[in-house]
Amino acid sequence: MMTGFLLARAGIDVIVLEKHKDFFRDFRGDTIHPSTFQLMHELGLLEDFLRVPHQEVSSLSAIFNGHEVHLADFSHLKVARPVIGLMPQWDFLNFIAGQAARYKSFSLIRQADVTGLLMNHDKITGVTATTPDGPLKVFAKLVIGTDGRQSTVRTAADLTVIETGAPIDVLWFRLSRHPDDPGQILGNFSKGRILILLDRSAYWQCGYVIDKDGYDRIKEEGLNKFRTDLAETSPFLKDRLLELTDWTDIQLLSVKIDHLHTWYREGLICIGDAAHAMSPVGGVGINLAIQDAVAAANLLWRPLRDQPDVPLTVLARLQIRRTFPTRIIQALQVRIQQGINHRRKTLEKTGVPLFMRLAERYPFLRRIPARLVGIGVRPEHIHSPEIRN
Ligand SMILES: Cc1cc2nc3c(=O)[nH]c(=O)nc-3n(C[C@H](O)[C@H](O)[C@H](O)COP(=O)(O)OP(=O)(O)OC[C@H]3O[C@@H](n4cnc5c(N)ncnc54)[C@H](O)[C@@H]3O)c2cc1C
């Protein structure tokens with residue numbers, strides 16, 4: 001959506017195909033990073049964006065076996081709004097879609113499920129999709145695969161995926177939120193269990209970390225055991241665990257980390273999770289995807305406007321530019337995942353991790369995770385122009 005918006009803003013004809021009929025999906029995280037607020041500022045949209053209901057936190061804490069520890073302090077970041085925003089992703093996407101719709105060059109087709117690629121010899125010339133009105137073919141100078149970690153586009157393009165793997169999965173469910181509940185609590189680490197809680201006003205969006213492929217075992221142990229584990233992890237939730245009446249209330253989110261060897265071929269490039277699936281660890285995948293979108297618009301708008309084809313050298317430049325920040329963050333995610341997995345088994349004995357103990361003692365250390373989560377590595381800025389046709 002962000003790529004489509006920026007390219008349409010630069011006067012390029014764009015069609016965004018989205019397989020669902022709305023953005024009301026629960027599986028992608030809710031974080032608006034300081035870097036994204038900064039981009040909104042650079043686009044002159046920050047004031048309007050801030051009117052979309054959201055919450056802001058200038059620091060992140062977690063609870064380890066009942067002790068609160070401070071993980072990250074965003075207040076020192078030199079950006080227009082040094083906070084993490086928590087905004088349901090459908091509101092964010094609807095905002096961007098609304099902004100994009102101001103440009104004649106933009107169109108969004110919902111319920112268009114991309115099923116394959118159109119080819120002319122070895123060159124990709126467009127996509128095929130199914131829609132409620134029947135099959136659709138869209139021809140394009142460039143196909144940008146932004147269809148996430150289960151990307152159909154990258155499979156159809158036969159791009160080689162290098163799996164890093166992830167030892168965890170996440171169970172995703174809602175529990176009601178009561179007025180006297182504690183404020184925003186992102187992480188609860190207790191007795192080797194990890195429960196992420198996102199405050200969505202009327203309810204808590206909960207993410208419970210489990211072993212990879214461990215869901216069947218949890219189901220076998222039964223819903224009562226699951227409720228007991230949750231109550232031990234976050235005791236204040238005890239009075240509402242009967243809201244989980246059935247396993248259908250709980251969605252399994254498969255976590256993976258991977259990257260494409262080559263993100264592109266003639267007529268096509270993948271970005272975001274389609275090029276590098278991110279784990280939820282650190283809540284950074286959205287940032288990476290948006291930064292990819294900005295870099296893509298910066299590098300692609302001119303060749304898309306002026307040349308009959310986008311040269312492979314330009315697509316290669318985009319991959320090179322974005323590979324470095326992605327691989328650094330993925331390496332950190334792998335390291336943290338390994339730590340999480342180890343600690344899930346030993347946490348009761350080992351307590352708070354060393355870095356967090358140091359960050360408690362030396363608050364300036366909290367600026368490091370703040371920088372990595374809030375801005376990332378080599379932040380992108382808007383260099384694509386606004387051109388009205
Ligand atoms: C459980 C979980 C929690 C997470 N929490 C966070 C978080 O809090 N913060 C954070 O920064 N990151 C988080 N992440 C990572 C983040 O979700 C991704 O890195 C990010 O969403 C990637 O953005 P994207 O636009 O590349 O792909 P996606 O957000 O996955 O978007 C892909 C889009 O393509 C559409 N699509 C898919 N297939 C097709 C098709 N065939 N045809 C047409 N449309 C299609 C989908 O409907 C979707 O709209 C989380 C990940 C998981 C698994």
# chains A, B, ... in the order shown; residues from 1 in each chain; ligands from 1

call {"tool": "residues_around", "arguments": {"residues": "A:Ile290", "least_positions_apart": "6", "cutoff": "8 Å", "atoms": "only C-alpha atoms", "output": "mmCIF file with C-alpha atoms, in the first residue's frame"}}
result
data_model
loop_
_atom_site.group_PDB
_atom_site.id
_atom_site.type_symbol
_atom_site.label_atom_id
_atom_site.label_comp_id
_atom_site.auth_asym_id
_atom_site.auth_seq_id
_atom_site.Cartn_x
_atom_site.Cartn_y
_atom_site.Cartn_z
ATOM 1 C CA MET A 2 2.824 2.371 0.916
ATOM 2 C CA THR A 3 4.739 1.600 -2.301
ATOM 3 C CA THR A 36 7.157 5.953 10.068
ATOM 4 C CA GLY A 272 8.773 -6.502 2.481
#

call {"tool": "residues_near_ligand", "arguments": {"ligand": "ligand 1", "cutoff": "7 Å", "atoms": "only C-alpha atoms and all ligand atoms", "output": "number ranges by chain"}}
result
A: 17-20, 23, 27-31, 112-115, 146-152, 170, 172, 207, 253-255, 271-274, 277-280, 283-289

call {"tool": "residues_around", "arguments": {"residues": "A:Val281", "least_positions_apart": "3", "cutoff": "8 Å", "atoms": "only C-alpha atoms", "output": "list in words"}}
result
Val284, Gln333, Ile336 and Gln337 of chain A

call {"tool": "write_last_selection", "arguments": {"atoms": "N, CA and C atoms", "output": "JSON list (two decimals), in the first residue's frame"}}
result
[["chain", "number", "residue", "atom", "x", "y", "z"],
["A", 284, "VAL", "N", 9.43, -5.32, 14.47],
["A", 284, "VAL", "CA", 10.14, -4.46, 13.53],
["A", 284, "VAL", "C", 9.80, -4.71, 12.06],
["A", 333, "GLN", "N", 17.15, -10.85, 15.36],
["A", 333, "GLN", "CA", 15.93, -11.61, 15.71],
["A", 333, "GLN", "C", 16.27, -13.07, 16.01],
["A", 336, "ILE", "N", 17.87, -13.26, 19.41],
["A", 336, "ILE", "CA", 16.89, -13.06, 20.50],
["A", 336, "ILE", "C", 15.97, -14.28, 20.60],
["A", 337, "GLN", "N", 15.55, -14.80, 19.43],
["A", 337, "GLN", "CA", 14.68, -16.00, 19.45],
["A", 337, "GLN", "C", 15.34, -17.16, 20.17]]

call {"tool": "residues_around", "arguments": {"residues": "A:Glu163", "least_positions_apart": "2", "cutoff": "7 Å", "atoms": "only C-alpha atoms", "output": "short mmCIF file (atom, residue, chain, number, x, y, z; two decimals) with N, CA and C atoms, in the first residue's frame"}}
result
data_model
loop_
_atom_site.label_atom_id
_atom_site.label_comp_id
_atom_site.auth_asym_id
_atom_site.auth_seq_id
_atom_site.Cartn_x
_atom_site.Cartn_y
_atom_site.Cartn_z
N VAL A 161 14.29 -19.21 -2.08
CA VAL A 161 14.11 -18.77 -0.69
C VAL A 161 15.14 -19.45 0.20
N GLY A 165 14.65 -20.19 9.48
CA GLY A 165 13.89 -20.97 10.46
C GLY A 165 13.59 -20.14 11.70
N ILE A 257 11.53 -16.90 9.54
CA ILE A 257 12.51 -15.92 9.07
C ILE A 257 13.15 -16.52 7.83
N ASP A 258 13.11 -15.76 6.76
CA ASP A 258 13.77 -16.23 5.54
C ASP A 258 14.16 -15.02 4.70
N HIS A 259 14.88 -15.26 3.63
CA HIS A 259 15.12 -14.18 2.66
C HIS A 259 15.33 -14.78 1.28
#

call {"tool": "residues_around", "arguments": {"residues": "stretch 307-320 of chain A", "least_positions_apart": "6", "cutoff": "9 Å", "atoms": "only C-alpha atoms", "output": "JSON list (two decimals) with N, CA and C atoms, in the first residue's frame"}}
result
[["chain", "number", "residue", "atom", "x", "y", "z"],
["A", 141, "LYS", "N", 4.50, -2.74, -16.37],
["A", 141, "LYS", "CA", 5.93, -2.59, -16.68],
["A", 141, "LYS", "C", 6.75, -3.29, -15.59],
["A", 142, "LEU", "N", 6.23, -3.21, -14.36],
["A", 142, "LEU", "CA", 6.93, -3.85, -13.25],
["A", 142, "LEU", "C", 5.90, -4.41, -12.28],
["A", 262, "THR", "N", 17.82, -13.77, -4.55],
["A", 262, "THR", "CA", 17.71, -12.62, -5.45],
["A", 262, "THR", "C", 16.26, -12.14, -5.40],
["A", 263, "TRP", "N", 16.07, -10.86, -5.17],
["A", 263, "TRP", "CA", 14.72, -10.33, -4.95],
["A", 263, "TRP", "C", 13.97, -10.06, -6.25],
["A", 264, "TYR", "N", 14.68, -10.18, -7.40],
["A", 264, "TYR", "CA", 14.10, -9.67, -8.64],
["A", 264, "TYR", "C", 14.41, -10.56, -9.82],
["A", 265, "ARG", "N", 13.67, -10.36, -10.87],
["A", 265, "ARG", "CA", 14.05, -10.83, -12.20],
["A", 265, "ARG", "C", 13.42, -9.85, -13.18],
["A", 266, "GLU", "N", 13.62, -10.06, -14.46],
["A", 266, "GLU", "CA", 13.16, -9.05, -15.40],
["A", 266, "GLU", "C", 11.65, -8.82, -15.25],
["A", 267, "GLY", "N", 11.25, -7.59, -14.95],
["A", 267, "GLY", "CA", 9.83, -7.26, -14.84],
["A", 267, "GLY", "C", 9.24, -7.45, -13.46],
["A", 268, "LEU", "N", 10.06, -7.84, -12.47],
["A", 268, "LEU", "CA", 9.48, -8.13, -11.15],
["A", 268, "LEU", "C", 10.50, -7.91, -10.04],
["A", 269, "ILE", "N", 9.99, -7.41, -8.90],
["A", 269, "ILE", "CA", 10.82, -7.40, -7.68],
["A", 269, "ILE", "C", 9.91, -7.66, -6.48],
["A", 271, "ILE", "N", 9.47, -7.11, -2.29],
["A", 271, "ILE", "CA", 9.96, -6.35, -1.13],
["A", 271, "ILE", "C", 9.13, -6.74, 0.09],
["A", 292, "ASP", "N", 11.40, -0.48, 2.99],
["A", 292, "ASP", "CA", 11.57, -1.04, 1.64],
["A", 292, "ASP", "C", 10.73, -0.25, 0.63],
["A", 295, "ALA", "N", 12.32, 3.09, -0.14],
["A", 295, "ALA", "CA", 13.50, 2.92, -1.00],
["A", 295, "ALA", "C", 13.06, 2.55, -2.42],
["A", 296, "ALA", "N", 12.03, 1.70, -2.52],
["A", 296, "ALA", "CA", 11.54, 1.29, -3.85],
["A", 296, "ALA", "C", 11.03, 2.50, -4.63],
["A", 299, "LEU", "N", 13.91, 4.78, -5.82],
["A", 299, "LEU", "CA", 14.75, 4.27, -6.90],
["A", 299, "LEU", "C", 13.96, 3.99, -8.19],
["A", 300, "LEU", "N", 12.67, 3.70, -8.05],
["A", 300, "LEU", "CA", 11.94, 3.19, -9.22],
["A", 300, "LEU", "C", 11.14, 4.25, -9.97]]

call {"tool": "closest_residue", "arguments": {"among": "A:Arg361, A:Leu43, A:Phe37, A:Asp211", "to": "A:His383", "atoms": "only C-alpha atoms"}}
result
A:Leu43

call {"tool": "atom_distance", "arguments": {"atom1": "atom CA of A:Ala140", "atom2": "atom CA of A:Leu108"}}
result
14.5 Å

call {"tool": "select_by_dssp", "arguments": {"residues": "stretch 50-277 of chain A", "states": "strand (DSSP E or B)", "output": "VMD selection string"}}
result
chain A and resid 55 to 57 59 to 64 67 to 73 84 to 86 106 to 110 113 to 120 123 to 131 134 to 139 143 to 145 161 to 163 168 to 176 187 to 190 193 to 200 203 to 211 251 to 254 258 to 260 264 to 265 268 to 270

call {"tool": "residues_around", "arguments": {"residues": "A:Leu77", "least_positions_apart": "6", "cutoff": "10 Å", "atoms": "only C-alpha atoms", "output": "number ranges by chain"}}
result
A: 34-35, 83, 367, 370-371, 374-375

call {"tool": "residues_around", "arguments": {"residues": "A:Ala359", "least_positions_apart": "4", "cutoff": "12 Å", "atoms": "only C-alpha atoms", "output": "JSON, numbers by chain"}}
result
{"A": [60, 61, 69, 70, 71, 72, 73, 352, 353, 354, 355, 363, 364, 365, 366, 367, 368, 369, 370]}

call {"tool": "closest_residue", "arguments": {"among": "A:Leu237, A:Leu159, A:Ala62, A:Val138", "to": "A:Arg174", "atoms": "only C-alpha atoms"}}
result
A:Leu237

call {"tool": "atom_distance", "arguments": {"atom1": "atom CA of A:Arg327", "atom2": "atom CA of A:Tyr362"}}
result
28.2 Å

call {"tool": "atom_distance", "arguments": {"atom1": "atom CA of A:Leu39", "atom2": "atom CA of A:Ser384"}}
result
11.9 Å
